[in-house]
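Colleague: Have a peek at protein_11.txt (compact mmCIF, C-alpha atoms).
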# COMPACT_ATOMS: atom_id res chain seq x y z
CA MET A 1 -19.98 12.43 15.92
CA ASN A 2 -20.50 13.39 12.29
CA GLN A 3 -17.27 15.38 12.33
CA LEU A 4 -15.38 12.44 13.84
CA LYS A 5 -16.83 10.24 11.12
CA ASN A 6 -15.65 12.74 8.50
CA TYR A 7 -12.11 12.66 9.91
CA ALA A 8 -12.14 8.85 10.00
CA ASN A 9 -13.30 8.69 6.39
CA PHE A 10 -10.71 11.26 5.37
CA ILE A 11 -7.70 9.39 6.72
CA LYS A 12 -9.15 5.93 5.86
CA PHE A 13 -7.44 4.25 8.81
CA GLU A 14 -8.62 0.86 7.55
CA HIS A 15 -6.25 1.26 4.58
CA THR A 16 -3.44 0.78 7.09
CA LEU A 17 -4.49 -2.88 6.95
CA PHE A 18 -2.76 -2.97 3.55
CA SER A 19 0.55 -1.58 4.77
CA LEU A 20 0.98 -2.81 8.36
CA PRO A 21 1.13 -6.55 7.52
CA LEU A 22 3.83 -5.75 4.94
CA ILE A 23 5.80 -3.67 7.45
CA PHE A 24 5.47 -6.51 9.98
CA ALA A 25 6.61 -9.02 7.36
CA GLY A 26 9.81 -7.04 6.81
CA THR A 27 10.25 -6.56 10.55
CA PHE A 28 9.90 -10.25 11.47
CA LEU A 29 12.01 -11.22 8.47
CA ALA A 30 14.88 -9.10 9.79
CA GLU A 31 14.49 -10.16 13.42
CA LYS A 32 13.77 -13.80 12.49
CA GLY A 33 11.12 -13.65 15.17
CA LEU A 34 9.27 -11.20 17.41
CA PRO A 35 11.04 -7.83 17.77
CA GLU A 36 11.40 -6.10 21.12
CA TRP A 37 8.01 -4.57 21.98
CA LYS A 38 9.20 -0.95 22.16
CA LEU A 39 10.67 -1.18 18.67
CA LEU A 40 7.50 -2.84 17.38
CA LEU A 41 5.39 -0.03 18.86
CA LEU A 42 7.60 2.61 17.22
CA ILE A 43 7.32 0.81 13.89
CA ILE A 44 3.52 0.75 14.20
CA LEU A 45 3.45 4.46 15.04
CA ALA A 46 5.80 5.31 12.16
CA GLY A 47 3.70 3.27 9.72
CA THR A 48 0.47 4.84 10.95
CA GLY A 49 1.89 8.36 10.74
CA ALA A 50 3.28 7.80 7.26
CA ARG A 51 0.03 6.26 6.01
CA THR A 52 -2.05 9.09 7.47
CA ALA A 53 0.18 11.73 5.89
CA ALA A 54 0.28 9.88 2.57
CA LEU A 55 -3.49 9.65 2.24
CA ALA A 56 -3.99 13.24 3.38
CA ILE A 57 -1.47 14.47 0.80
CA ASN A 58 -3.23 12.39 -1.84
CA ARG A 59 -6.62 13.89 -0.94
CA ILE A 60 -5.25 17.44 -0.91
CA LEU A 61 -3.57 17.11 -4.30
CA ASP A 62 -6.58 15.37 -5.85
CA ARG A 63 -9.36 17.50 -4.39
CA ARG A 64 -10.20 19.23 -7.70
CA ILE A 65 -10.09 15.95 -9.64
CA ASP A 66 -12.30 14.33 -6.99
CA ALA A 67 -14.82 17.16 -7.38
CA GLN A 68 -15.22 16.29 -11.09
CA ASN A 69 -15.83 12.58 -10.48
CA PRO A 70 -19.36 11.48 -9.45
CA ARG A 71 -17.86 8.62 -7.39
CA THR A 72 -15.57 10.90 -5.36
CA GLU A 73 -17.34 14.28 -5.36
CA ASP A 74 -18.75 13.52 -1.90
CA ARG A 75 -15.29 13.05 -0.37
CA GLU A 76 -14.51 15.29 2.56
CA LEU A 77 -12.52 18.03 0.79
CA PRO A 78 -14.54 18.55 -2.43
CA SER A 79 -17.81 18.38 -0.47
CA GLY A 80 -16.59 20.81 2.20
CA LYS A 81 -17.07 18.39 5.09
CA ILE A 82 -13.45 19.08 6.05
CA SER A 83 -11.66 22.34 5.28
CA ILE A 84 -8.32 22.46 3.48
CA THR A 85 -6.79 23.97 6.64
CA LYS A 86 -7.84 20.97 8.70
CA ALA A 87 -6.53 18.66 6.00
CA TYR A 88 -3.13 20.32 6.29
CA ILE A 89 -3.28 19.96 10.09
CA ILE A 90 -4.00 16.22 9.75
CA THR A 91 -1.07 15.95 7.34
CA ALA A 92 1.21 17.76 9.78
CA LEU A 93 0.16 15.54 12.69
CA GLY A 94 0.85 12.43 10.62
CA LEU A 95 4.27 13.76 9.65
CA ILE A 96 5.14 14.65 13.25
CA LEU A 97 4.23 11.15 14.41
CA TYR A 98 6.23 9.66 11.54
CA PHE A 99 9.39 11.72 12.06
CA ILE A 100 9.43 11.38 15.86
CA SER A 101 9.04 7.61 15.55
CA ALA A 102 11.78 7.46 12.90
CA TYR A 103 14.08 9.49 15.14
CA LEU A 104 13.50 7.14 18.06
CA ILE A 105 14.11 4.00 15.97
CA CYS A 106 17.61 4.80 14.68
CA ASP A 107 19.66 7.34 12.73
CA LEU A 108 19.49 5.45 9.42
CA ILE A 109 15.70 5.31 9.51
CA LEU A 110 15.61 9.06 10.18
CA TYR A 111 17.98 9.76 7.28
CA LEU A 112 15.90 7.61 4.93
CA SER A 113 12.52 8.87 6.18
CA PRO A 114 12.07 11.60 3.51
CA ILE A 115 12.19 9.04 0.68
CA PRO A 116 8.65 7.66 1.22
CA LEU A 117 7.31 11.22 1.54
CA ILE A 118 8.79 12.14 -1.84
CA VAL A 119 7.06 9.12 -3.37
CA PHE A 120 3.78 10.02 -1.61
CA MET A 121 3.89 13.53 -3.11
CA ILE A 122 4.83 12.44 -6.64
CA TYR A 123 2.54 9.49 -7.29
CA PRO A 124 -0.78 11.40 -6.93
CA LEU A 125 0.46 13.79 -9.63
CA MET A 126 1.36 11.02 -12.10
CA LYS A 127 -2.25 10.42 -13.17
CA ARG A 128 -2.14 13.89 -14.74
CA PHE A 129 0.40 12.91 -17.40
CA THR A 130 1.04 9.12 -17.56
CA PRO A 131 -0.89 5.83 -17.35
CA LEU A 132 2.12 4.51 -15.41
CA CYS A 133 0.62 6.20 -12.34
CA HIS A 134 -0.30 2.79 -10.89
CA PHE A 135 3.38 1.98 -10.51
CA GLY A 136 3.75 5.04 -8.29
CA VAL A 137 1.15 3.60 -5.93
CA GLY A 138 2.97 0.26 -6.07
CA LEU A 139 6.28 1.90 -5.24
CA GLY A 140 4.76 3.69 -2.26
CA LEU A 141 3.61 0.46 -0.59
CA ALA A 142 6.68 -1.48 -1.77
CA LEU A 143 8.71 0.61 0.67
CA ALA A 144 6.78 -0.89 3.61
CA PRO A 145 8.67 -4.21 3.97
CA LEU A 146 11.98 -2.44 3.34
CA GLY A 147 11.18 0.05 6.10
CA GLY A 148 10.24 -2.73 8.51
CA PHE A 149 13.46 -4.62 7.75
CA VAL A 150 15.80 -1.63 8.12
CA ALA A 151 14.02 -0.52 11.32
CA VAL A 152 15.29 -3.73 12.94
CA THR A 153 18.76 -3.97 11.41
CA CYS A 154 19.55 -0.23 11.11
CA THR A 155 21.74 -1.26 8.18
CA LEU A 156 21.28 -2.26 4.55
CA ASP A 157 23.30 -5.46 5.04
CA GLY A 158 21.43 -8.67 4.25
CA ILE A 159 18.48 -6.80 2.79
CA LEU A 160 17.95 -9.09 -0.24
CA PRO A 161 14.97 -11.03 1.23
CA ALA A 162 13.22 -7.73 1.99
CA VAL A 163 13.95 -6.53 -1.56
CA VAL A 164 12.26 -9.64 -2.97
CA LEU A 165 9.28 -9.02 -0.67
CA SER A 166 9.27 -5.42 -1.87
CA LEU A 167 9.21 -6.53 -5.52
CA PHE A 168 6.23 -8.76 -4.72
CA THR A 169 4.49 -5.79 -3.12
CA PHE A 170 5.28 -3.50 -6.05
CA CYS A 171 3.73 -5.90 -8.59
CA TRP A 172 0.80 -6.82 -6.36
CA VAL A 173 -0.20 -3.25 -5.47
CA SER A 174 0.35 -1.86 -8.99
CA GLY A 175 -1.87 -4.66 -10.30
CA PHE A 176 -4.71 -4.11 -7.88
CA ASP A 177 -4.58 -0.32 -8.38
CA ILE A 178 -5.32 -0.97 -12.07
CA ILE A 179 -8.38 -2.99 -11.05
CA TYR A 180 -9.46 -0.12 -8.77
CA ALA A 181 -9.15 2.32 -11.70
CA THR A 182 -11.91 0.45 -13.57
CA LEU A 183 -14.36 2.26 -11.28
CA ASP A 184 -13.44 5.59 -12.89
CA GLU A 185 -13.00 4.61 -16.54
CA GLU A 186 -15.62 6.97 -17.96
CA SER A 187 -14.89 9.85 -15.61
CA ASP A 188 -11.12 9.63 -16.13
CA ARG A 189 -11.50 9.58 -19.91
CA LYS A 190 -13.89 12.53 -19.82
CA ASN A 191 -11.65 14.62 -17.53
CA GLY A 192 -8.31 13.75 -19.16
CA ILE A 193 -7.03 11.63 -16.28
CA TYR A 194 -4.45 9.04 -17.28
CA SER A 195 -4.80 5.44 -16.15
CA MET A 196 -4.22 2.11 -17.84
CA VAL A 197 -7.99 1.74 -18.07
CA SER A 198 -8.80 5.18 -19.52
CA VAL A 199 -5.88 5.17 -21.99
CA TYR A 200 -5.75 1.55 -23.19
CA GLY A 201 -9.20 0.25 -22.28
CA ARG A 202 -10.42 -2.15 -19.62
CA ASP A 203 -9.42 -5.39 -21.35
CA ILE A 204 -5.79 -4.43 -21.95
CA ALA A 205 -5.52 -2.87 -18.49
CA LEU A 206 -6.77 -6.04 -16.81
CA ARG A 207 -4.31 -8.11 -18.81
CA VAL A 208 -1.50 -5.88 -17.56
CA SER A 209 -2.85 -6.27 -14.03
CA SER A 210 -2.91 -10.05 -14.46
CA ALA A 211 0.70 -10.06 -15.71
CA LEU A 212 1.74 -8.00 -12.68
CA HIS A 213 0.04 -10.42 -10.30
CA GLN A 214 1.69 -13.37 -12.01
CA SER A 215 5.02 -11.58 -11.48
CA ALA A 216 4.07 -11.00 -7.84
CA PHE A 217 3.45 -14.71 -7.40
CA PHE A 218 6.84 -15.46 -8.96
CA PHE A 219 8.60 -13.24 -6.41
CA ILE A 220 6.82 -14.79 -3.42
CA ALA A 221 7.57 -18.29 -4.75
CA PHE A 222 11.21 -17.26 -5.26
CA LEU A 223 11.38 -16.05 -1.65
CA TYR A 224 9.93 -19.36 -0.51
CA PHE A 225 12.51 -21.48 -2.34
CA PHE A 226 15.31 -19.02 -1.55
CA LEU A 227 14.68 -18.66 2.17
CA PHE A 228 12.06 -20.89 3.80
CA LYS A 229 11.19 -24.16 2.03
CA SER A 230 8.90 -25.16 4.91
CA ILE A 231 5.65 -27.08 4.34
CA VAL A 232 3.39 -24.53 6.09
CA ALA A 233 5.01 -21.59 4.27
CA GLY A 234 4.44 -23.49 1.02
CA ILE A 235 0.74 -23.75 1.87
CA PHE A 236 0.61 -19.96 2.27
CA VAL A 237 2.31 -19.53 -1.12
CA VAL A 238 -0.56 -21.54 -2.63
CA ILE A 239 -3.12 -19.45 -0.70
CA ILE A 240 -1.54 -16.21 -1.92
CA GLY A 241 -1.61 -17.47 -5.51
CA ALA A 242 -5.27 -18.50 -5.14
CA LEU A 243 -6.19 -15.08 -3.72
CA LEU A 244 -4.45 -13.28 -6.58
CA PHE A 245 -6.32 -15.48 -9.06
CA LEU A 246 -9.61 -14.86 -7.24
CA GLU A 247 -8.98 -11.12 -7.33
CA HIS A 248 -9.15 -11.22 -11.13
CA ARG A 249 -12.14 -13.53 -11.16
CA LYS A 250 -13.92 -10.93 -8.99
CA SER A 251 -12.53 -7.86 -10.78
CA GLU A 252 -16.04 -6.73 -11.75
CA ASN A 253 -16.86 -6.43 -8.05
CA VAL A 254 -14.17 -3.94 -7.03
CA ASP A 255 -15.32 -3.80 -3.40
CA VAL A 256 -14.58 -7.52 -3.07
CA ALA A 257 -11.46 -7.56 -5.26
CA PHE A 258 -9.82 -4.40 -3.99
CA PHE A 259 -10.70 -4.28 -0.31
CA LYS A 260 -11.63 -7.71 1.03
CA ILE A 261 -9.34 -9.95 -1.02
CA ASN A 262 -6.36 -7.59 -0.81
CA ILE A 263 -6.57 -7.36 2.96
CA LEU A 264 -6.47 -11.16 3.01
CA VAL A 265 -3.41 -11.14 0.73
CA GLY A 266 -1.60 -8.74 3.10
CA PHE A 267 -2.24 -10.95 6.12
CA ALA A 268 -1.37 -14.07 4.13
CA ILE A 269 2.03 -12.54 3.35
CA PHE A 270 2.63 -11.86 7.04
CA LEU A 271 1.58 -15.39 8.00
CA PHE A 272 3.79 -16.75 5.21
CA VAL A 273 6.80 -15.03 6.80
CA LEU A 274 5.83 -16.14 10.32
CA SER A 275 5.38 -19.75 9.26
CA GLY A 276 8.68 -19.70 7.42
CA ILE A 277 10.42 -18.48 10.56
CA TYR A 278 8.72 -20.61 13.21
CA LEU A 279 7.39 -23.75 11.53
CA PRO A 280 9.12 -26.60 9.65
Take the structure in this file and express it as structure tokens.

Modeller:
Amino acid sequence: MNQLKNYANFIKFEHTLFSLPLIFAGTFLAEKGLPEWKLLLLIILAGTGARTAALAINRILDRRIDAQNPRTEDRELPSGKISITKAYIITALGLILYFISAYLICDLILYLSPIPLIVFMIYPLMKRFTPLCHFGVGLGLALAPLGGFVAVTCTLDGILPAVVLSLFTFCWVSGFDIIYATLDEESDRKNGIYSMVSVYGRDIALRVSSALHQSAFFFIAFLYFFLFKSIVAGIFVVIIGALLFLEHRKSENVDVAFFKINILVGFAIFLFVLSGIYLP
């Protein structure tokens, strides 16, 4: 049971709660309703496989950095709870699930499938040389609604609404990754790790995060006026804005700001899309 717990902590399956609502938002946006169940299952499997591989790659690349940080030194790889060989096996299993699902969805998805993996391998390395590393995390999750949209259409035609949703995601995720980095301000500065917080200080970093979340709100409001204009969808726009504001009010409590509020934002985005499709 302890070993199963170690594997569960290593892949952080609950982090899929950030990406799946965004994938679903792109999927329903393309279908303008509920997709056929087999396609939806393949999309879920592809998203789960990609997320598992992405986090495993991140943990493998960061294992030495994690060992130097008191907050992360007890993670599975630096503490020895999981061997590097098993970490590679988990990565391979995630990739197999991802590529098989992509193959079964359509040719275009298969052809595009390496792009997220390239992003997943580059963004963990960015913290070694640039405080722009947060934008790499944002780009990784910003691909989720685009992937969900193209999985339905198997074409890039009419993709503009998904691009706007992707821009929202990019700004939102980059902003909340800056908040998350406040946990490691002292350790990152001591060990030469670049982040907005360690390089420019907490106050400036949080102002950048706030500007990114204001931009995120602009993109979701633009999508509302561009595509939906329904009363219920408008209510969700207000809810999303309130959650983004609350995230900064609670930025000192990263567990609340990063995990709980952000999961609510992800589901609010999905419900925003659903209400725009189904409700007046």

Colleague: Could you check the closest approach to Ala54 in chain A for each of A:Lys260, A:Arg249, A:Lys5, A:Lys12 and tell me which residue wins, using only C-alpha atoms?

Modeller: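 Of the candidates, the smallest distance to Ala54 in chain A is held by A:Lys12.
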
Colleague: Write out as a ChimeraX atom specification the residues lying within 7 Å of Ala205 in chain A, counting only C-alpha atoms and excluding same-chain residues fewer than 5 positions away.

Modeller: /A:178,196-197,200

Colleague: Looking at A:Val199, A:Ala268, A:Leu206, A:Lys250, which one is nearest to Ala233 in chain A, with distances taken over only C-alpha atoms?

Modeller: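 Ranked by minimum distance to Ala233 in chain A, first place goes to A:Ala268.
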
Colleague: Quick one: of A:Val256, A:Leu97, A:Leu167, A:Val152, who's nearest to Phe222 in chain A, counting only C-alpha atoms?

Modeller: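 Answer, going by the shortest atom-to-atom distance: A:Leu167.
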
Colleague: Please give the centre and size of the box around range 3-7 of chain A (axis-aligned, containing every atom listed in the file, 6 Å added per side), with values in Å to one decimal and written as JSON.

Modeller:
{"center_x": -14.7, "center_y": 12.8, "center_z": 11.2, "size_x": 17.2, "size_y": 17.1, "size_z": 17.3}

Colleague: Can you work out the spacing between CA of Asn262 in chain A and CA of Leu227 in chain A in Å, to one decimal?

Modeller: 24.0 Å

Colleague: Using all atoms listed in the file, find the one residue out of A:Asp188, A:Gly33, A:Tyr194, A:Leu104 that sits nearest to Arg71 in chain A.

Modeller: A:Asp188

Colleague: Which residue is closest to Leu61 in chain A? Choose from A:Leu112, A:Ile277, A:Val254, A:Ile122 and count only C-alpha atoms.

Modeller: A:Ile122

Colleague: Atoms are missing here; could range 86-107 of chain A be completed with N, CA and C atoms and written as a PDB file, in the coordinates of the input?

Modeller:
ATOM      1  N   LYS A  86      -7.840  22.146   7.832  1.00  0.00           N
ATOM      2  CA  LYS A  86      -7.840  20.970   8.700  1.00  0.00           C
ATOM      3  C   LYS A  86      -7.133  19.788   8.027  1.00  0.00           C
ATOM      4  N   ALA A  87      -7.239  19.716   6.727  1.00  0.00           N
ATOM      5  CA  ALA A  87      -6.530  18.660   6.000  1.00  0.00           C
ATOM      6  C   ALA A  87      -5.017  18.826   6.153  1.00  0.00           C
ATOM      7  N   TYR A  88      -4.559  20.054   6.085  1.00  0.00           N
ATOM      8  CA  TYR A  88      -3.130  20.320   6.290  1.00  0.00           C
ATOM      9  C   TYR A  88      -2.711  19.996   7.729  1.00  0.00           C
ATOM     10  N   ILE A  89      -3.584  20.273   8.683  1.00  0.00           N
ATOM     11  CA  ILE A  89      -3.280  19.960  10.090  1.00  0.00           C
ATOM     12  C   ILE A  89      -3.153  18.446  10.271  1.00  0.00           C
ATOM     13  N   ILE A  90      -4.069  17.684   9.670  1.00  0.00           N
ATOM     14  CA  ILE A  90      -4.000  16.220   9.750  1.00  0.00           C
ATOM     15  C   ILE A  90      -2.698  15.724   9.124  1.00  0.00           C
ATOM     16  N   THR A  91      -2.330  16.314   7.984  1.00  0.00           N
ATOM     17  CA  THR A  91      -1.070  15.950   7.340  1.00  0.00           C
ATOM     18  C   THR A  91       0.111  16.214   8.262  1.00  0.00           C
ATOM     19  N   ALA A  92       0.113  17.388   8.881  1.00  0.00           N
ATOM     20  CA  ALA A  92       1.210  17.760   9.780  1.00  0.00           C
ATOM     21  C   ALA A  92       1.301  16.827  10.976  1.00  0.00           C
ATOM     22  N   LEU A  93       0.156  16.453  11.543  1.00  0.00           N
ATOM     23  CA  LEU A  93       0.160  15.540  12.690  1.00  0.00           C
ATOM     24  C   LEU A  93       0.707  14.174  12.293  1.00  0.00           C
ATOM     25  N   GLY A  94       0.316  13.696  11.105  1.00  0.00           N
ATOM     26  CA  GLY A  94       0.850  12.430  10.620  1.00  0.00           C
ATOM     27  C   GLY A  94       2.348  12.490  10.430  1.00  0.00           C
ATOM     28  N   LEU A  95       2.829  13.604   9.876  1.00  0.00           N
ATOM     29  CA  LEU A  95       4.270  13.760   9.650  1.00  0.00           C
ATOM     30  C   LEU A  95       5.043  13.844  10.965  1.00  0.00           C
ATOM     31  N   ILE A  96       4.482  14.551  11.948  1.00  0.00           N
ATOM     32  CA  ILE A  96       5.140  14.650  13.250  1.00  0.00           C
ATOM     33  C   ILE A  96       5.278  13.277  13.887  1.00  0.00           C
ATOM     34  N   LEU A  97       4.186  12.504  13.862  1.00  0.00           N
ATOM     35  CA  LEU A  97       4.230  11.150  14.410  1.00  0.00           C
ATOM     36  C   LEU A  97       5.258  10.300  13.685  1.00  0.00           C
ATOM     37  N   TYR A  98       5.301  10.427  12.370  1.00  0.00           N
ATOM     38  CA  TYR A  98       6.230   9.660  11.540  1.00  0.00           C
ATOM     39  C   TYR A  98       7.680  10.008  11.854  1.00  0.00           C
ATOM     40  N   PHE A  99       8.000  11.300  11.866  1.00  0.00           N
ATOM     41  CA  PHE A  99       9.390  11.720  12.060  1.00  0.00           C
ATOM     42  C   PHE A  99       9.884  11.452  13.485  1.00  0.00           C
ATOM     43  N   ILE A 100       9.025  11.664  14.473  1.00  0.00           N
ATOM     44  CA  ILE A 100       9.430  11.380  15.860  1.00  0.00           C
ATOM     45  C   ILE A 100       9.708   9.887  16.023  1.00  0.00           C
ATOM     46  N   SER A 101       8.837   9.059  15.464  1.00  0.00           N
ATOM     47  CA  SER A 101       9.040   7.610  15.550  1.00  0.00           C
ATOM     48  C   SER A 101      10.316   7.196  14.833  1.00  0.00           C
ATOM     49  N   ALA A 102      10.561   7.770  13.644  1.00  0.00           N
ATOM     50  CA  ALA A 102      11.780   7.460  12.900  1.00  0.00           C
ATOM     51  C   ALA A 102      13.017   7.861  13.684  1.00  0.00           C
ATOM     52  N   TYR A 103      12.957   9.008  14.319  1.00  0.00           N
ATOM     53  CA  TYR A 103      14.080   9.490  15.140  1.00  0.00           C
ATOM     54  C   TYR A 103      14.377   8.537  16.294  1.00  0.00           C
ATOM     55  N   LEU A 104      13.331   8.022  16.911  1.00  0.00           N
ATOM     56  CA  LEU A 104      13.500   7.140  18.060  1.00  0.00           C
ATOM     57  C   LEU A 104      13.929   5.730  17.667  1.00  0.00           C
ATOM     58  N   ILE A 105      13.712   5.350  16.401  1.00  0.00           N
ATOM     59  CA  ILE A 105      14.110   4.000  15.970  1.00  0.00           C
ATOM     60  C   ILE A 105      15.623   3.937  15.777  1.00  0.00           C
ATOM     61  N   CYS A 106      16.161   4.744  14.858  1.00  0.00           N
ATOM     62  CA  CYS A 106      17.610   4.800  14.680  1.00  0.00           C
ATOM     63  C   CYS A 106      17.949   5.882  13.659  1.00  0.00           C
ATOM     64  N   ASP A 107      19.226   6.253  13.612  1.00  0.00           N
ATOM     65  CA  ASP A 107      19.660   7.340  12.730  1.00  0.00           C
ATOM     66  C   ASP A 107      19.398   7.028  11.262  1.00  0.00           C
TER      67      ASP A 107
END
